[in-house]
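Novice: Sharing my_file09.txt (compact mmCIF, C-alpha atoms) below.
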# COMPACT_ATOMS: atom_id res chain seq x y z
CA MET A 1 33.08 -30.25 1.56
CA GLN A 2 35.44 -31.50 4.25
CA ARG A 3 33.99 -35.00 4.14
CA ALA A 4 34.20 -35.05 0.33
CA LEU A 5 37.90 -34.22 0.46
CA GLU A 6 38.63 -36.89 3.04
CA MET A 7 36.73 -39.40 0.92
CA ILE A 8 39.19 -38.89 -1.95
CA GLY A 9 42.20 -39.25 0.32
CA LEU A 10 42.98 -35.70 1.40
CA SER A 11 43.60 -34.85 5.05
CA THR A 12 41.62 -31.79 6.13
CA VAL A 13 41.06 -29.51 9.07
CA VAL A 14 38.29 -26.93 9.40
CA ILE A 15 38.28 -23.74 11.46
CA THR A 16 34.69 -23.12 12.51
CA VAL A 17 32.85 -20.54 14.58
CA GLU A 18 29.65 -22.57 14.60
CA PRO A 19 30.67 -25.65 16.61
CA GLU A 20 27.17 -27.11 17.08
CA GLU A 21 26.44 -26.91 13.37
CA THR A 22 29.87 -28.29 12.46
CA GLU A 23 29.60 -31.16 14.93
CA GLN A 24 26.34 -32.24 13.31
CA ALA A 25 28.28 -32.57 10.04
CA ARG A 26 30.69 -35.02 11.77
CA PRO A 27 33.97 -33.30 10.84
CA PRO A 28 37.20 -35.32 10.53
CA ARG A 29 39.17 -32.52 12.28
CA ALA A 30 37.78 -29.22 13.51
CA LEU A 31 38.97 -26.31 15.63
CA CYS A 32 36.61 -23.74 17.08
CA PRO A 33 38.22 -20.56 18.40
CA LYS A 34 35.75 -19.87 21.22
CA GLY A 35 33.80 -16.63 21.16
CA PHE A 36 34.51 -15.58 17.58
CA ALA A 37 31.68 -15.00 15.13
CA ALA A 38 31.22 -15.53 11.41
CA GLY A 39 33.42 -13.04 9.60
CA HIS A 40 35.97 -13.21 12.42
CA SER A 41 36.94 -16.89 12.24
CA LEU A 42 40.57 -16.03 12.95
CA GLY A 43 39.98 -13.28 15.43
CA ARG A 44 40.60 -9.58 15.31
CA PRO A 45 41.65 -7.72 12.14
CA GLY A 46 45.34 -7.00 11.92
CA ASP A 47 46.21 -9.30 14.85
CA ALA A 48 48.72 -11.39 12.92
CA GLU A 49 50.08 -13.21 15.97
CA LEU A 50 46.63 -14.38 17.09
CA GLN A 51 45.73 -15.43 13.55
CA LYS A 52 48.93 -17.46 13.34
CA ARG A 53 48.35 -19.06 16.75
CA ILE A 54 44.94 -20.24 15.59
CA LEU A 55 46.39 -21.51 12.31
CA VAL A 56 49.20 -23.41 14.03
CA ASP A 57 46.69 -24.98 16.44
CA ALA A 58 44.37 -25.94 13.56
CA LEU A 59 47.22 -27.46 11.53
CA GLY A 60 48.41 -29.18 14.69
CA LEU A 61 45.22 -31.25 14.66
CA LEU A 62 46.68 -33.01 11.60
CA VAL A 63 49.32 -34.63 13.80
CA ALA A 64 47.32 -34.83 17.06
CA ALA A 65 45.54 -37.94 18.30
CA PRO A 66 42.50 -38.41 16.02
CA ARG A 67 39.17 -37.16 17.36
CA PRO A 68 36.96 -37.71 14.30
CA GLY A 69 33.51 -36.21 14.60
CA GLU A 70 34.54 -33.83 17.38
CA VAL A 71 35.09 -30.08 17.39
CA VAL A 72 38.08 -29.02 19.49
CA VAL A 73 37.15 -25.76 21.26
CA ARG A 74 39.95 -23.44 22.42
CA ASP A 75 39.77 -20.07 24.10
CA TYR A 76 42.01 -17.36 22.68
CA ALA A 77 40.74 -14.57 24.89
CA SER A 78 43.91 -14.46 26.97
CA PRO A 79 47.38 -14.10 25.42
CA MET B 17 13.64 -59.43 -14.53
CA ALA B 18 11.83 -56.22 -15.42
CA ASP B 19 10.82 -55.66 -11.81
CA ALA B 20 14.25 -56.35 -10.31
CA PRO B 21 14.87 -53.89 -7.48
CA GLU B 22 17.06 -50.95 -8.34
CA VAL B 23 20.46 -51.32 -6.69
CA LYS B 24 21.76 -48.01 -5.39
CA PRO B 25 25.41 -47.45 -4.62
CA LEU B 26 26.25 -47.51 -0.94
CA GLU B 27 26.48 -44.05 0.58
CA LEU B 28 28.38 -43.08 3.69
CA SER B 29 26.11 -42.72 6.69
CA ARG B 30 26.24 -39.27 8.23
CA TYR B 31 27.25 -41.01 11.45
CA CYS B 32 30.46 -42.25 9.81
CA VAL B 33 33.38 -39.86 9.72
CA PRO B 34 35.61 -40.14 6.64
CA PHE B 35 39.15 -39.77 7.89
CA THR B 36 42.34 -39.72 5.84
CA PRO B 37 45.38 -40.05 8.11
CA PHE B 38 47.96 -37.30 7.72
CA ARG B 39 51.50 -38.54 7.11
CA GLY B 40 54.61 -36.53 7.87
CA ARG B 41 55.17 -33.22 9.57
CA VAL B 42 53.23 -29.97 9.37
CA GLU B 43 56.57 -28.23 8.77
CA ASP B 44 56.85 -30.14 5.47
CA ALA B 45 53.20 -30.02 4.43
CA VAL B 46 51.94 -28.17 1.37
CA VAL B 47 48.53 -26.77 2.21
CA CYS B 48 45.57 -25.71 0.09
CA LEU B 49 43.18 -23.13 1.54
CA VAL B 50 39.47 -23.58 0.82
CA THR B 51 36.80 -21.21 2.09
CA THR B 52 33.06 -20.73 1.85
CA ALA B 53 33.40 -16.98 2.50
CA GLY B 54 32.89 -15.80 -1.09
CA VAL B 55 36.53 -14.74 -1.62
CA ARG B 56 37.89 -14.14 -5.14
CA ALA B 57 40.58 -12.37 -7.11
CA ARG B 58 39.47 -8.78 -7.79
CA ALA B 59 39.48 -9.38 -11.57
CA ASP B 60 37.25 -12.44 -11.37
CA PRO B 61 33.44 -12.31 -11.70
CA PRO B 62 31.62 -11.64 -8.43
CA PHE B 63 29.59 -14.24 -6.57
CA GLN B 64 25.82 -13.69 -6.58
CA LEU B 65 24.92 -12.49 -3.09
CA ASP B 66 21.55 -14.24 -2.87
CA GLY B 67 22.93 -17.66 -3.76
CA ASP B 68 25.72 -18.95 -5.97
CA THR B 69 26.80 -22.55 -6.40
CA SER B 70 29.95 -21.76 -8.40
CA PHE B 71 33.46 -21.56 -7.01
CA ARG B 72 36.57 -19.55 -7.82
CA ALA B 73 40.21 -20.53 -7.99
CA ILE B 74 42.54 -18.09 -6.25
CA PRO B 75 46.14 -17.82 -7.48
CA GLY B 76 48.61 -19.21 -4.97
CA GLY B 77 50.75 -16.09 -5.24
CA ALA B 78 47.91 -13.74 -4.28
CA SER B 79 48.01 -11.76 -1.08
CA ALA B 80 44.92 -10.60 0.81
CA GLY B 81 45.25 -7.19 -0.85
CA ASP B 82 44.75 -8.79 -4.28
CA LEU B 83 41.48 -10.36 -3.18
CA THR B 84 37.98 -9.27 -2.33
CA TYR B 85 34.76 -10.97 -1.23
CA ASP B 86 31.07 -11.00 -2.12
CA ASP B 87 28.78 -11.75 0.79
CA ALA B 88 25.68 -10.54 2.59
CA HIS B 89 25.49 -13.15 5.36
CA TYR B 90 28.31 -12.56 7.83
CA ASP B 91 29.67 -9.56 9.71
CA HIS B 92 32.04 -7.57 7.50
CA ALA B 93 33.64 -5.39 10.17
CA CYS B 94 36.71 -7.61 10.27
CA VAL B 95 37.14 -8.58 6.62
CA ASP B 96 36.78 -5.01 5.38
CA ARG B 97 40.00 -4.26 7.26
CA ASP B 98 41.75 -7.60 6.99
CA LEU B 99 40.63 -10.43 4.71
CA ASN B 100 42.91 -12.76 6.68
CA CYS B 101 40.08 -12.92 9.25
CA VAL B 102 38.37 -15.47 6.99
CA PHE B 103 41.02 -16.24 4.36
CA PRO B 104 44.39 -16.27 6.15
CA ILE B 105 46.56 -16.37 3.05
CA ASP B 106 49.13 -13.84 4.28
CA ARG B 107 49.44 -15.58 7.64
CA LEU B 108 49.97 -18.98 6.02
CA ARG B 109 52.68 -17.49 3.81
CA GLU B 110 54.37 -16.07 6.91
CA LEU B 111 54.26 -19.52 8.54
CA VAL B 112 55.97 -20.92 5.43
CA ALA B 113 58.65 -18.21 5.62
CA GLU B 114 59.16 -19.02 9.30
CA GLY B 115 59.61 -22.72 8.54
CA ARG B 116 56.48 -23.69 10.46
CA LEU B 117 54.64 -24.88 7.34
CA GLY B 118 56.03 -26.58 4.23
CA GLY B 119 54.36 -24.56 1.50
CA LEU B 120 51.17 -23.54 -0.24
CA THR B 121 49.53 -24.97 -3.35
CA GLU B 122 49.55 -23.11 -6.67
CA ARG B 123 45.82 -22.45 -6.33
CA HIS B 124 43.37 -22.01 -3.49
CA PHE B 125 39.58 -22.05 -3.73
CA SER B 126 36.46 -20.31 -2.54
CA MET B 127 32.78 -21.02 -2.71
CA GLY B 128 30.08 -18.40 -2.25
CA TYR B 129 26.90 -18.41 -0.21
CA SER B 130 24.31 -20.96 -1.25
CA GLN B 131 21.40 -22.82 0.29
CA ALA B 132 21.01 -25.05 -2.78
CA LEU B 133 22.27 -28.01 -0.78
CA ARG B 134 21.30 -30.65 -3.30
CA GLU B 135 23.18 -28.92 -6.12
CA LEU B 136 26.15 -28.26 -3.86
CA ARG B 137 26.32 -31.90 -2.88
CA ALA B 138 25.70 -33.33 -6.36
CA THR B 139 27.70 -30.91 -8.51
CA THR B 140 29.71 -28.15 -6.85
CA ILE B 141 31.44 -30.09 -4.11
CA PRO B 142 32.54 -33.05 -6.28
CA ALA B 143 33.88 -30.63 -8.93
CA LEU B 144 35.68 -28.55 -6.35
CA ALA B 145 37.10 -31.64 -4.65
CA ARG B 146 38.59 -32.72 -8.01
CA GLU B 147 40.18 -29.28 -8.47
CA VAL B 148 41.63 -29.37 -4.97
CA ASP B 149 43.02 -32.85 -5.62
CA ARG B 150 44.67 -31.60 -8.84
CA VAL B 151 46.88 -29.14 -6.92
CA ARG B 152 48.22 -32.06 -4.85
CA PRO B 153 48.00 -30.69 -1.32
CA HIS B 154 49.35 -32.67 1.63
CA ALA B 155 46.52 -31.18 3.65
CA VAL B 156 43.54 -28.86 3.15
CA LEU B 157 42.58 -26.06 5.53
CA LEU B 158 38.93 -25.02 5.39
CA THR B 159 37.45 -21.81 6.72
CA GLY B 160 33.90 -20.50 6.82
CA GLY B 161 32.60 -16.98 6.54
Output the structure of this file as structure tokens.

Specialist:
Amino acid sequence: MQRALEMIGLSTVVITVEPEETEQARPPRALCPKGFAAGHSLGRPGDAELQKRILVDALGLLVAAPRPGEVVVRDYASP
Amino acid sequence: MADAPEVKPLELSRYCVPFTPFRGRVEDAVVCLVTTAGVRARADPPFQLDGDTSFRAIPGGASAGDLTYDDAHYDHACVDRDLNCVFPIDRLRELVAEGRLGGLTERHFSMGYSQALRELRATTIPALAREVDRVRPHAVLLTGG
């Protein structure tokens, strides 16, 4: 899906909790919040600040130095 | 010329990474949210749990409380309490209100669970990509289940 959107000229970023699988798909921009599982891509329920931190970091990849094909892994365990 | 070889269109190698540069600032960007987590408006028809290659449009004005999900493949402990765990619509709206994001598109989108990869690739994904393009996002944020 992500590749299809880039192919028609849309900039994308994916938040993934399966970095190995995502890296095989050669993503244009990808953030993996380390340690979270499917169903918890953005962390704990009701933790708005953590969810927003992850979103801001993911959207920040739009303006960061390009790392096409890579998954950027970040640890959000500590505040 | 009856036995001329069939000429197939060039396809992108999986080793190539399609990359559209992002122009401008995140603080000005209008974002479309696209998920594969089986999210939909409560009034819309459910996704089939054992495989569904359709997708749903989600009104841009919806909050997480207006939405539900149909899934049997990821842990639901988080989403049952807070759908923002996979579809962070409320958080994105807060970022807009805080001036940290430009805006949100008038529609967002969700796919359901499917292993019908050929149909997804040939039909669903191109159709969904056209719908995403129609809402004119500056960037697209994708989340999984």

Novice: Sort by chain and increasing residue number a table of all residues of chain B within 7 Å of chain A, each with its closest pair of atoms and their distance in Å to one decimal, counting only C-alpha atoms, and write it as a tab-separated table.

Specialist:
residue	atom	partner	partner_atom	distance
B:Tyr31	CA	A:Arg26	CA	6.9
B:Val33	CA	A:Arg26	CA	5.9
B:Pro34	CA	A:Glu6	CA	5.7
B:Phe35	CA	A:Pro28	CA	5.5
B:Thr36	CA	A:Ser11	CA	5.1
B:Pro37	CA	A:Ser11	CA	6.3
B:Phe38	CA	A:Ser11	CA	5.7
B:Val42	CA	A:Leu59	CA	6.9
B:Tyr90	CA	A:Gly39	CA	5.4
B:Asp91	CA	A:Gly39	CA	5.1
B:His92	CA	A:Gly39	CA	6.0
B:Cys94	CA	A:Pro45	CA	5.3
B:Val95	CA	A:Gly39	CA	6.5
B:Arg97	CA	A:Pro45	CA	6.2
B:Asp98	CA	A:Pro45	CA	5.2
B:Cys101	CA	A:Leu42	CA	4.9
B:Val102	CA	A:Ser41	CA	5.6
B:Arg107	CA	A:Lys52	CA	6.0
B:Ile141	CA	A:Met1	CA	5.9
B:Ala145	CA	A:Leu5	CA	5.8
B:Ala155	CA	A:Ser11	CA	4.9
B:Val156	CA	A:Thr12	CA	4.6
B:Leu157	CA	A:Val13	CA	5.2
B:Leu158	CA	A:Val14	CA	4.5
B:Thr159	CA	A:Ile15	CA	5.2
B:Gly160	CA	A:Thr16	CA	6.3
B:Gly161	CA	A:Gly39	CA	5.1

Novice: Between B:Asp149, B:Asp106, B:Asp82, B:Glu27, which is the closest to B:Arg56 once you count all atoms listed in the file?

Specialist: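 Closest residue, counting all atoms listed in the file: B:Asp82.
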
Novice: So how far away is atom CA of B:Cys48 from atom CA of B:Gln131, in Å?

Specialist: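 Pair atom CA of B:Gln131 / atom CA of B:Cys48 returns 24.3 Å.
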
Novice: Between B:Ala73, B:Gln64, B:Val112, B:Thr84, which one has atoms that come closest to B:Glu43, using only C-alpha atoms?

Specialist: B:Val112

Novice: Would you work out the distance separating atom CA of A:Val72 from atom CA of A:Lys34, expressed in Å to one decimal?

Specialist: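 Between atom CA of A:Val72 and atom CA of A:Lys34 the gap works out to 9.6 Å.
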
Novice: Let me make sure I understand: among B:Ala59, B:Ala20, B:Ala78, B:Leu108, which one has the smallest atom-to-atom distance to B:Ala45 if we use only C-alpha atoms?

Specialist: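 Residue with the minimum atom-to-atom distance to B:Ala45: B:Leu108.
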
Novice: Quick one: distance from atom CA of B:Thr52 to atom CA of B:Met127 in Å, one decimal?

Specialist: 4.6 Å

Novice: Which is closest to B:Glu135 among B:Gly115, B:Pro153, B:Gly67, B:Pro62, if we use only C-alpha atoms?

Specialist: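 Ranking B:Gly115, B:Pro153, B:Gly67, B:Pro62 by distance to B:Glu135, first place goes to B:Gly67.
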
Novice: Excluding A:Arg74 and its own-chain neighbours fewer than 6 positions away, which residues fall within 10 Å of it when counting all atoms listed in the file? Please give them as a short mmCIF file (atom, residue, chain, number, x, y, z; two decimals) with C-alpha atoms, in the coordinates of the input.

Specialist:
data_model
loop_
_atom_site.label_atom_id
_atom_site.label_comp_id
_atom_site.auth_asym_id
_atom_site.auth_seq_id
_atom_site.Cartn_x
_atom_site.Cartn_y
_atom_site.Cartn_z
CA LEU A 31 38.97 -26.31 15.63
CA CYS A 32 36.61 -23.74 17.08
CA PRO A 33 38.22 -20.56 18.40
CA LYS A 34 35.75 -19.87 21.22
CA GLY A 35 33.80 -16.63 21.16
CA ILE A 54 44.94 -20.24 15.59
CA ASP A 57 46.69 -24.98 16.44
#
